[in-house]
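Chemist: The following block contains the structure, expressed as structure tokens.
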Amino acid sequence: GFGIRVSKQLDMAKPTDLKILTQGYGEKDIQLLRTVVTSFYSNYTNEEEDSEDVSLFVKVAKLLEEFLLLAVSEDASLKLEAFVALGEITAAISLGVLRYSDGIYRAVDVFLERHGYLTESEKMEACKVLDCKKLSRQGCEEAAKNQRLPLRVVVQVFFASQLQIRDTVAKEIKGGEEIGVWSDED
């Protein structure tokens, strides 16, 4: 049907196209999006993965992050359950494809900003789509200062940031050992 046709061209879609597909963000709309995304990936997983497939996966992962941000930016009445469902689809797609997924963080931030009345446990529920280890250094810096985030999430951000610093230092040390020369230029 319609969903299958859309899935075959998902890499060419724009966030607004997905908004048309999921007009009300109801359970059926979100299920349709999940079906379209699953169908898109099943078109490629049967064959050997090549760099073209990977670039299409990156496009779709970024598309979903942009769509999630669009959904929370344009719909102040977006329910927590719908946001989490859309966020979980987005997080699952970006998982093995995107090195950093700051787009999910931005969407969480906008959602929390627009829903300032949420309880701490509801904020934690909204943040469960956020993988702090997938934040860029800049994303970590922003999230660490973000007062809308629950304290537990900020602690996770600090921990992820420390791991990034440790990994960066380890790579630089390893790189210096491989070259055999330490330079003062770094």
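Following the order of the structure tokens, chains are lettered A, B, ..., residues in each are numbered from 1, and ligands are numbered from 1.
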Which polymer residues have any atom within 8 Å of an atom of Gly87 of chain A, counting only C-alpha atoms, with same-chain residues fewer than 3 positions away left out, as a PyMOL selection string?
Modeler: chain A and resi 68+83-84+90-91+104+129
Chemist: Taking only C-alpha atoms into account, produce a table as CSV in which each residue of segment 24-122 of chain A with an atom at most 9 Å from an atom of segment 138-154 of chain A appears once, together with its shortest atom pair and the distance in Å to one decimal, ordered by chain and rising number.
Modeler:
```
residue,atom,partner,partner_atom,distance
A:Tyr100,CA,A:Gly139,CA,8.9
A:Ser101,CA,A:Gly139,CA,8.8
A:Asp102,CA,A:Gly139,CA,5.9
A:Tyr105,CA,A:Gly139,CA,7.6
A:Arg106,CA,A:Gly139,CA,8.7
A:Val108,CA,A:Leu149,CA,8.8
A:Asp109,CA,A:Arg148,CA,7.2
A:Leu112,CA,A:Arg148,CA,6.4
A:Glu113,CA,A:Arg148,CA,6.9
A:Gly116,CA,A:Arg148,CA,8.1
A:Glu120,CA,A:Pro150,CA,6.6
A:Ser121,CA,A:Pro150,CA,8.7
```
Chemist: Segment 96-99 of chain A: which residues within 7 Å, counting only C-alpha atoms, same-chain residues fewer than 3 positions away excluded, as a PyMOL selection string?
Modeler: chain A and resi 57-58+134
Chemist: Might you pull out every residue within 9 Å of Gly103 of chain A, with only C-alpha atoms counted and same-chain residues fewer than 4 positions away left off, and present them as a VMD selection string?
Modeler: chain A and resid 62 64 to 66 68 to 69 107 to 108
Chemist: Can you spit out the residues from that selection as an mmCIF file, in the first residue's frame, using N, CA, C and O atoms?
Modeler:
```
data_model
loop_
_atom_site.group_PDB
_atom_site.id
_atom_site.type_symbol
_atom_site.label_atom_id
_atom_site.label_comp_id
_atom_site.auth_asym_id
_atom_site.auth_seq_id
_atom_site.Cartn_x
_atom_site.Cartn_y
_atom_site.Cartn_z
ATOM 1 N N LYS A 62 19.045 11.069 9.985
ATOM 2 C CA LYS A 62 18.999 12.530 10.142
ATOM 3 C C LYS A 62 17.587 13.051 9.866
ATOM 4 O O LYS A 62 17.117 13.967 10.542
ATOM 5 N N LEU A 64 14.785 11.498 10.445
ATOM 6 C CA LEU A 64 13.946 11.212 11.605
ATOM 7 C C LEU A 64 14.256 12.158 12.763
ATOM 8 O O LEU A 64 13.341 12.583 13.476
ATOM 9 N N GLU A 65 15.526 12.510 12.950
ATOM 10 C CA GLU A 65 15.863 13.490 13.987
ATOM 11 C C GLU A 65 15.222 14.842 13.677
ATOM 12 O O GLU A 65 14.667 15.490 14.558
ATOM 13 N N GLU A 66 15.294 15.260 12.409
ATOM 14 C CA GLU A 66 14.685 16.536 12.008
ATOM 15 C C GLU A 66 13.172 16.479 12.175
ATOM 16 O O GLU A 66 12.545 17.448 12.613
ATOM 17 N N LEU A 68 11.475 14.579 14.313
ATOM 18 C CA LEU A 68 11.160 14.597 15.746
ATOM 19 C C LEU A 68 11.195 16.037 16.267
ATOM 20 O O LEU A 68 10.290 16.464 17.001
ATOM 21 N N LEU A 69 12.200 16.793 15.869
ATOM 22 C CA LEU A 69 12.305 18.200 16.278
ATOM 23 C C LEU A 69 11.142 19.014 15.714
ATOM 24 O O LEU A 69 10.546 19.832 16.420
ATOM 25 N N ALA A 107 15.464 17.761 20.358
ATOM 26 C CA ALA A 107 14.023 17.486 20.422
ATOM 27 C C ALA A 107 13.572 17.300 21.871
ATOM 28 O O ALA A 107 12.511 17.812 22.264
ATOM 29 N N VAL A 108 14.357 16.588 22.671
ATOM 30 C CA VAL A 108 14.028 16.410 24.098
ATOM 31 C C VAL A 108 13.985 17.772 24.779
ATOM 32 O O VAL A 108 13.054 18.076 25.541
#
```
Chemist: Given the choices A:Lys128, A:Lys14, A:Lys174, A:Arg5, which gets closest to Leu86 of chain A if the distance is worked out from only C-alpha atoms?
Modeler: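 Using only C-alpha atoms, Leu86 of chain A sits closest to A:Lys128.
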Chemist: What is the atom CA of Asp11 of chain A to atom CA of Val36 of chain A distance in Å?
Modeler: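 Going from atom CA of Asp11 of chain A over to atom CA of Val36 of chain A covers 11.3 Å.
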Chemist: Using only C-alpha atoms, which residues sit within 9 Å of Lys19 of chain A once same-chain residues fewer than 6 positions away are excluded, as a PyMOL selection string?
Modeler: chain A and resi 25+67+70-71
Chemist: Between atom CA of Pro15 of chain A and atom CA of Tyr117 of chain A, what is the distance in Å, rounded to a tenth?
Modeler: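 Atom CA of Tyr117 of chain A lies 27.4 Å from atom CA of Pro15 of chain A.
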